[in-house]
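Shown below: target_31.pdb, with PDB, C-alpha atoms.
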MODEL        1
ATOM      1  CA  MET A   1     -25.183  -6.303 -63.312
ATOM      2  CA  SER A   2     -26.962  -9.497 -62.339
ATOM      3  CA  THR A   3     -25.549 -12.240 -60.203
ATOM      4  CA  THR A   4     -26.527 -15.828 -60.813
ATOM      5  CA  HIS A   5     -26.513 -18.364 -58.029
ATOM      6  CA  GLU A   6     -26.215 -22.091 -58.428
ATOM      7  CA  PRO A   7     -29.249 -23.900 -57.008
ATOM      8  CA  PRO A   8     -28.504 -25.864 -53.839
ATOM      9  CA  ALA A   9     -27.449 -29.448 -54.395
ATOM     10  CA  PRO A  10     -30.278 -31.893 -53.718
ATOM     11  CA  LEU A  11     -30.369 -34.535 -51.003
ATOM     12  CA  LEU A  12     -31.357 -38.139 -51.683
ATOM     13  CA  ILE A  13     -32.427 -40.199 -48.669
ATOM     14  CA  ALA A  14     -32.641 -43.904 -49.508
ATOM     15  CA  CYS A  15     -34.424 -46.554 -47.455
ATOM     16  CA  ALA A  16     -35.606 -50.054 -48.309
ATOM     17  CA  LEU A  17     -38.998 -50.553 -46.687
ATOM     18  CA  GLY A  18     -42.359 -48.855 -46.865
ATOM     19  CA  ILE A  19     -42.474 -48.620 -43.069
ATOM     20  CA  GLU A  20     -39.108 -46.812 -43.094
ATOM     21  CA  LYS A  21     -40.313 -44.312 -45.699
ATOM     22  CA  LEU A  22     -43.496 -43.801 -43.669
ATOM     23  CA  ALA A  23     -41.447 -43.021 -40.566
ATOM     24  CA  LEU A  24     -39.321 -40.493 -42.435
ATOM     25  CA  ARG A  25     -42.309 -38.826 -44.114
ATOM     26  CA  SER A  26     -44.365 -38.645 -40.921
ATOM     27  CA  GLY A  27     -41.458 -37.071 -39.067
ATOM     28  CA  ASP A  28     -40.696 -34.374 -41.654
ATOM     29  CA  ARG A  29     -41.208 -30.878 -40.233
ATOM     30  CA  GLY A  30     -39.397 -29.039 -43.013
ATOM     31  CA  GLY A  31     -36.170 -27.100 -42.716
ATOM     32  CA  ALA A  32     -34.261 -28.642 -45.600
ATOM     33  CA  ALA A  33     -31.606 -26.499 -47.276
ATOM     34  CA  GLY A  34     -32.403 -27.802 -50.743
ATOM     35  CA  PRO A  35     -34.577 -30.272 -52.654
ATOM     36  CA  VAL A  36     -35.077 -33.580 -50.819
ATOM     37  CA  THR A  37     -36.070 -36.922 -52.364
ATOM     38  CA  VAL A  38     -36.956 -39.904 -50.157
ATOM     39  CA  LEU A  39     -36.465 -43.090 -52.173
ATOM     40  CA  ARG A  40     -37.805 -46.508 -51.283
ATOM     41  CA  THR A  41     -35.378 -48.900 -52.956
ATOM     42  CA  GLY A  42     -36.838 -52.268 -52.024
ATOM     43  CA  MET A  43     -35.058 -54.925 -49.998
ATOM     44  CA  GLY A  44     -31.591 -56.235 -50.675
ATOM     45  CA  PRO A  45     -28.405 -54.923 -52.269
ATOM     46  CA  LYS A  46     -29.440 -55.592 -55.877
ATOM     47  CA  ALA A  47     -32.706 -53.706 -55.471
ATOM     48  CA  ALA A  48     -30.873 -50.828 -53.786
ATOM     49  CA  GLU A  49     -28.285 -50.689 -56.552
ATOM     50  CA  ARG A  50     -30.916 -50.621 -59.305
ATOM     51  CA  ALA A  51     -33.085 -48.007 -57.624
ATOM     52  CA  VAL A  52     -30.231 -45.666 -56.714
ATOM     53  CA  ARG A  53     -28.606 -45.870 -60.151
ATOM     54  CA  ARG A  54     -31.927 -45.150 -61.863
ATOM     55  CA  THR A  55     -32.807 -42.276 -59.538
ATOM     56  CA  LEU A  56     -29.434 -40.547 -59.749
ATOM     57  CA  ALA A  57     -29.633 -40.659 -63.541
ATOM     58  CA  ASP A  58     -32.316 -37.945 -63.272
ATOM     59  CA  ARG A  59     -30.723 -34.609 -64.197
ATOM     60  CA  ARG A  60     -32.560 -32.942 -61.320
ATOM     61  CA  LEU A  61     -30.516 -35.058 -58.902
ATOM     62  CA  GLN A  62     -27.156 -34.308 -60.481
ATOM     63  CA  GLY A  63     -24.590 -33.921 -57.708
ATOM     64  CA  ALA A  64     -27.037 -35.018 -55.007
ATOM     65  CA  ALA A  65     -25.687 -35.930 -51.587
ATOM     66  CA  VAL A  66     -26.880 -39.387 -50.526
ATOM     67  CA  ILE A  67     -27.809 -40.791 -47.125
ATOM     68  CA  ALA A  68     -28.721 -44.453 -46.664
ATOM     69  CA  THR A  69     -31.029 -44.972 -43.711
ATOM     70  CA  GLY A  70     -33.600 -47.282 -42.152
ATOM     71  CA  PHE A  71     -33.317 -50.175 -39.726
ATOM     72  CA  CYS A  72     -30.349 -52.434 -39.034
ATOM     73  CA  ALA A  73     -29.175 -55.266 -36.817
ATOM     74  CA  GLY A  74     -26.753 -54.290 -34.085
ATOM     75  CA  LEU A  75     -23.771 -56.577 -33.593
ATOM     76  CA  ALA A  76     -22.146 -55.385 -30.380
ATOM     77  CA  PRO A  77     -23.179 -56.515 -26.895
ATOM     78  CA  GLY A  78     -25.102 -53.813 -25.061
ATOM     79  CA  MET A  79     -26.857 -52.453 -28.149
ATOM     80  CA  HIS A  80     -30.598 -51.939 -27.805
ATOM     81  CA  PRO A  81     -33.510 -51.377 -30.193
ATOM     82  CA  GLY A  82     -33.740 -47.648 -30.873
ATOM     83  CA  ASP A  83     -29.982 -47.061 -30.690
ATOM     84  CA  LEU A  84     -28.507 -45.219 -33.663
ATOM     85  CA  VAL A  85     -25.587 -46.229 -35.866
ATOM     86  CA  VAL A  86     -23.564 -43.669 -37.839
ATOM     87  CA  ALA A  87     -21.264 -45.387 -40.315
ATOM     88  CA  GLU A  88     -17.643 -44.291 -40.571
ATOM     89  CA  HIS A  89     -17.616 -46.396 -43.716
ATOM     90  CA  THR A  90     -19.707 -49.133 -45.283
ATOM     91  CA  VAL A  91     -18.198 -52.403 -46.423
ATOM     92  CA  ASP A  92     -19.274 -55.372 -48.527
ATOM     93  CA  GLU A  93     -17.686 -57.802 -50.986
ATOM     94  CA  ARG A  94     -16.855 -54.877 -53.304
ATOM     95  CA  GLY A  95     -14.797 -53.093 -50.690
ATOM     96  CA  SER A  96     -15.175 -50.048 -48.460
ATOM     97  CA  THR A  97     -16.989 -46.759 -49.095
ATOM     98  CA  PRO A  98     -15.943 -43.901 -46.768
ATOM     99  CA  CYS A  99     -18.658 -41.700 -45.305
ATOM    100  CA  GLU A 100     -18.496 -37.941 -44.913
ATOM    101  CA  GLY A 101     -19.418 -35.894 -41.856
ATOM    102  CA  ALA A 102     -19.890 -38.728 -39.353
ATOM    103  CA  GLU A 103     -18.918 -36.518 -36.398
ATOM    104  CA  LEU A 104     -21.431 -33.848 -37.399
ATOM    105  CA  LEU A 105     -24.170 -36.446 -37.793
ATOM    106  CA  VAL A 106     -23.464 -37.805 -34.313
ATOM    107  CA  LYS A 107     -23.657 -34.303 -32.847
ATOM    108  CA  GLU A 108     -26.933 -33.515 -34.602
ATOM    109  CA  LEU A 109     -28.516 -36.890 -33.809
ATOM    110  CA  VAL A 110     -27.787 -36.436 -30.112
ATOM    111  CA  LYS A 111     -29.784 -33.197 -30.307
ATOM    112  CA  ALA A 112     -32.543 -34.606 -32.502
ATOM    113  CA  VAL A 113     -33.094 -37.793 -30.493
ATOM    114  CA  PRO A 114     -32.030 -36.997 -26.912
ATOM    115  CA  GLY A 115     -31.437 -39.961 -24.657
ATOM    116  CA  ARG A 116     -30.605 -42.391 -27.444
ATOM    117  CA  THR A 117     -27.157 -43.939 -27.744
ATOM    118  CA  VAL A 118     -25.307 -43.226 -30.990
ATOM    119  CA  HIS A 119     -22.686 -45.775 -32.102
ATOM    120  CA  THR A 120     -20.046 -45.141 -34.759
ATOM    121  CA  GLY A 121     -17.970 -47.603 -36.743
ATOM    122  CA  PRO A 122     -18.030 -49.800 -39.841
ATOM    123  CA  LEU A 123     -21.427 -50.832 -41.209
ATOM    124  CA  THR A 124     -21.463 -54.114 -43.141
ATOM    125  CA  GLY A 125     -23.685 -54.925 -46.102
ATOM    126  CA  SER A 126     -25.191 -58.392 -46.462
ATOM    127  CA  ALA A 127     -27.347 -60.060 -49.098
ATOM    128  CA  HIS A 128     -29.446 -61.814 -46.461
ATOM    129  CA  VAL A 129     -30.714 -61.379 -42.907
ATOM    130  CA  VAL A 130     -27.819 -62.055 -40.524
ATOM    131  CA  ARG A 131     -28.433 -64.002 -37.321
ATOM    132  CA  GLY A 132     -26.638 -66.007 -34.664
ATOM    133  CA  HIS A 133     -23.032 -66.968 -35.346
ATOM    134  CA  GLU A 134     -22.816 -64.758 -38.448
ATOM    135  CA  ARG A 135     -23.278 -61.708 -36.247
ATOM    136  CA  ALA A 136     -20.421 -62.791 -34.013
ATOM    137  CA  GLU A 137     -18.200 -63.280 -37.061
ATOM    138  CA  LEU A 138     -18.950 -59.798 -38.404
ATOM    139  CA  LEU A 139     -18.349 -58.267 -34.976
ATOM    140  CA  ALA A 140     -14.978 -60.048 -34.783
ATOM    141  CA  LYS A 141     -14.074 -58.397 -38.109
ATOM    142  CA  GLY A 142     -14.768 -54.966 -36.631
ATOM    143  CA  SER A 143     -18.289 -54.123 -37.801
ATOM    144  CA  ILE A 144     -20.802 -52.725 -35.326
ATOM    145  CA  ALA A 145     -23.983 -53.251 -37.373
ATOM    146  CA  VAL A 146     -25.288 -54.897 -40.532
ATOM    147  CA  ASP A 147     -28.039 -54.227 -43.043
ATOM    148  CA  MET A 148     -28.777 -55.225 -46.621
ATOM    149  CA  GLU A 149     -28.846 -51.913 -48.498
ATOM    150  CA  SER A 150     -26.479 -49.246 -47.124
ATOM    151  CA  ALA A 151     -23.242 -50.527 -48.637
ATOM    152  CA  ALA A 152     -24.849 -51.078 -52.053
ATOM    153  CA  THR A 153     -26.522 -47.663 -51.916
ATOM    154  CA  LEU A 154     -23.333 -45.765 -51.130
ATOM    155  CA  HIS A 155     -21.151 -47.780 -53.516
ATOM    156  CA  THR A 156     -23.599 -47.126 -56.363
ATOM    157  CA  ALA A 157     -23.915 -43.438 -55.474
ATOM    158  CA  ARG A 158     -20.148 -42.966 -55.546
ATOM    159  CA  ALA A 159     -19.775 -44.975 -58.755
ATOM    160  CA  GLY A 160     -22.144 -42.512 -60.408
ATOM    161  CA  GLY A 161     -20.006 -39.476 -59.602
ATOM    162  CA  SER A 162     -18.152 -37.653 -56.858
ATOM    163  CA  ARG A 163     -20.635 -36.825 -54.105
ATOM    164  CA  PRO A 164     -20.921 -36.826 -50.298
ATOM    165  CA  VAL A 165     -22.440 -39.998 -48.858
ATOM    166  CA  ALA A 166     -23.385 -41.166 -45.380
ATOM    167  CA  ALA A 167     -25.291 -43.958 -43.665
ATOM    168  CA  VAL A 168     -27.387 -43.663 -40.514
ATOM    169  CA  ARG A 169     -29.318 -46.652 -39.248
ATOM    170  CA  VAL A 170     -31.609 -47.366 -36.299
ATOM    171  CA  VAL A 171     -31.043 -50.636 -34.454
ATOM    172  CA  VAL A 172     -34.177 -52.766 -34.588
ATOM    173  CA  ASP A 173     -32.611 -55.817 -33.001
ATOM    174  CA  ALA A 174     -29.351 -56.755 -31.309
ATOM    175  CA  PRO A 175     -27.617 -59.863 -29.923
ATOM    176  CA  GLU A 176     -29.717 -59.809 -26.738
ATOM    177  CA  HIS A 177     -32.861 -58.613 -28.528
ATOM    178  CA  GLU A 178     -33.260 -60.637 -31.735
ATOM    179  CA  LEU A 179     -36.569 -59.895 -33.413
ATOM    180  CA  VAL A 180     -38.500 -61.709 -36.089
ATOM    181  CA  ARG A 181     -40.913 -59.100 -37.437
ATOM    182  CA  ILE A 182     -40.332 -55.344 -37.274
ATOM    183  CA  SER A 183     -43.912 -54.135 -37.144
ATOM    184  CA  THR A 184     -45.312 -56.307 -34.362
ATOM    185  CA  VAL A 185     -42.804 -56.029 -31.542
ATOM    186  CA  ARG A 186     -41.803 -53.402 -29.044
ATOM    187  CA  GLY A 187     -38.282 -53.036 -30.446
ATOM    188  CA  GLY A 188     -39.695 -52.331 -33.890
ATOM    189  CA  ILE A 189     -42.010 -49.658 -32.506
ATOM    190  CA  SER A 190     -39.109 -48.039 -30.657
ATOM    191  CA  ALA A 191     -36.973 -48.016 -33.808
ATOM    192  CA  PHE A 192     -39.849 -46.541 -35.834
ATOM    193  CA  ARG A 193     -40.212 -43.655 -33.382
ATOM    194  CA  VAL A 194     -36.503 -42.929 -33.512
ATOM    195  CA  LEU A 195     -36.444 -43.000 -37.316
ATOM    196  CA  ARG A 196     -39.241 -40.402 -37.299
ATOM    197  CA  SER A 197     -36.884 -38.002 -35.512
ATOM    198  CA  VAL A 198     -33.698 -38.144 -37.602
ATOM    199  CA  LEU A 199     -34.475 -35.775 -40.481
ATOM    200  CA  PRO A 200     -33.332 -32.574 -38.717
ATOM    201  CA  ALA A 201     -29.877 -34.155 -38.321
ATOM    202  CA  PHE A 202     -29.841 -35.141 -41.998
ATOM    203  CA  TYR A 203     -30.792 -31.598 -43.010
ATOM    204  CA  GLU A 204     -27.999 -30.096 -40.897
ATOM    205  CA  TRP A 205     -25.507 -32.512 -42.439
ATOM    206  CA  HIS A 206     -26.713 -31.510 -45.898
ATOM    207  CA  ARG A 207     -26.609 -27.801 -45.020
ATOM    208  CA  SER A 208     -23.007 -28.128 -43.860
ATOM    209  CA  LEU A 209     -22.065 -29.504 -47.290
ATOM    210  CA  LEU A 210     -23.471 -26.400 -48.970
ATOM    211  CA  LEU A 211     -21.282 -23.986 -46.987
ATOM    212  CA  PRO A 212     -18.349 -22.431 -48.903
ATOM    213  CA  ARG A 213     -15.119 -24.308 -48.349
ATOM    214  CA  ARG A 214     -12.242 -22.329 -46.808
TER     215      ARG A 214
ENDMDL
END
Translate the structure described by the file into structure tokens.
Amino acid sequence: MSTTHEPPAPLLIACALGIEKLALRSGDRGGAAGPVTVLRTGMGPKAAERAVRRTLADRRLQGAAVIATGFCAGLAPGMHPGDLVVAEHTVDERGSTPCEGAELLVKELVKAVPGRTVHTGPLTGSAHVVRGHERAELLAKGSIAVDMESAATLHTARAGGSRPVAAVRVVVDAPEHELVRISTVRGGISAFRVLRSVLPAFYEWHRSLLLPRR
């Protein structure tokens, strides 16, 4: 009598920029529980939506868990470049997308990147780079960080089928540390180094999803 086993569900990790994908690839030391695809979507919500929809249409990624990651702008006073943000949910003009396993991600990120502060809360999606008074307005509405792709990525992933989704971002600038270009400043270098270290936490999150439910 033979027993067949379902292959492990794949993991899709979506980021917008080439430098973000480079950080993730250069920090990969293996240990994934199933197939992993790192997708560069391009900048902005429309690009993220197109890329994620197209990628998840591949039969090999049927049922894939999805994590949106990369850099973000912190909104709360006291945030610093290199801090981490774990979304409890993402929000944009289309509404809110709840995230799964935020507490586990926080726990694993603390181990993966010791000494870095991990913030949790709502992560807002924007169609443009947010600066100055716009940041204060988003903070007043309850968001702790903003980026251009996470909300679109998770909304599109969920629209394509029931699947676990999450968003983890690295703060590249904050109210007291506004930056102009990621690659040429100290805050950008710090964020890059942190992003290189997050994959073990993503793999543990993914592995936890594969465990039998009780």
Counting all atoms listed in the file, write as a tab-separated table (two decimals) with C-alpha atoms, keeping the file's coordinate frame all protein and nucleic acid residues lying at most 7 Å from (-21.7, -53.7, -50.0) in the file's frame.
chain	number	residue	atom	x	y	z
A	90	THR	CA	-19.71	-49.13	-45.28
A	91	VAL	CA	-18.20	-52.40	-46.42
A	92	ASP	CA	-19.27	-55.37	-48.53
A	93	GLU	CA	-17.69	-57.80	-50.99
A	94	ARG	CA	-16.86	-54.88	-53.30
A	95	GLY	CA	-14.80	-53.09	-50.69
A	124	THR	CA	-21.46	-54.11	-43.14
A	125	GLY	CA	-23.68	-54.92	-46.10
A	126	SER	CA	-25.19	-58.39	-46.46
A	151	ALA	CA	-23.24	-50.53	-48.64
A	152	ALA	CA	-24.85	-51.08	-52.05
A	155	HIS	CA	-21.15	-47.78	-53.52
Query - Atomic separation - CA of Leu123 (chain A) relative to CA of Leu139 (chain A), Å - result: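 These two atoms are separated by 10.2 Å.
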Query raised in the report: Using all atoms listed in the file, which of A:Ile144, A:Val52, A:Ile19, A:Ile13 sits nearest Tyr203 (chain A)?
Result: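 Nearest to Tyr203 (chain A): A:Ile13.
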Requested in this report: Go ahead and compute the interatomic distance for CA of Val146 (chain A) and CA of Ala32 (chain A), in Å to one decimal.
Outcome: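 Computed distance, CA of Val146 (chain A) to CA of Ala32 (chain A), equals 28.2 Å.
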Report task. Might you pull out every residue within 7 Å of His119 (chain A), with all atoms listed in the file counted and same-chain residues fewer than 4 positions away left off, and present them as a list in words? Result ->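 After dropping sequence-adjacent residues, the list is Leu84, Val85 and Val86 of chain A.
Counting from CA of Ala87 (chain A), the distance to CA of Leu138 (chain A) is 14.7 Å.
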Report task. List the neighbours of region 160-174 of chain A out to 7 Å using all atoms listed in the file; skip same-chain residues closer than 4 positions along the sequence, and give me the result as an MDAnalysis selection string. Result -> chainID A and resid 63:75 79:87 99:100 150 154 156 178:179 187:188 191 195
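Of the residues under consideration (A:Pro114, A:Arg29, A:Glu88, A:Asp147), A:Asp147 shows the shortest atom-to-atom contact distance to Cys15 (chain A) when counting only C-alpha atoms.
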Report task. Between A:Ser143, A:Gln62, A:Thr120, A:Thr153, single out the one closest to Arg50 (chain A), counting all atoms listed in the file. Result ->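 Closest to Arg50 (chain A) of all the choices is A:Thr153.
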Query - Distance criterion (only C-alpha atoms): nearest to Val110 (chain A) out of A:Pro98, A:Pro200, A:Gly18, A:Pro45 - result: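 Ranked by minimum distance to Val110 (chain A), first place goes to A:Pro200.
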Query raised in the report: Hey, what's within 7 Å of Leu105 (chain A) if we count all atoms listed in the file and toss same-chain stuff fewer than 4 positions away? As a ChimeraX atom specification, please?
Result: /A:101,109,201,205
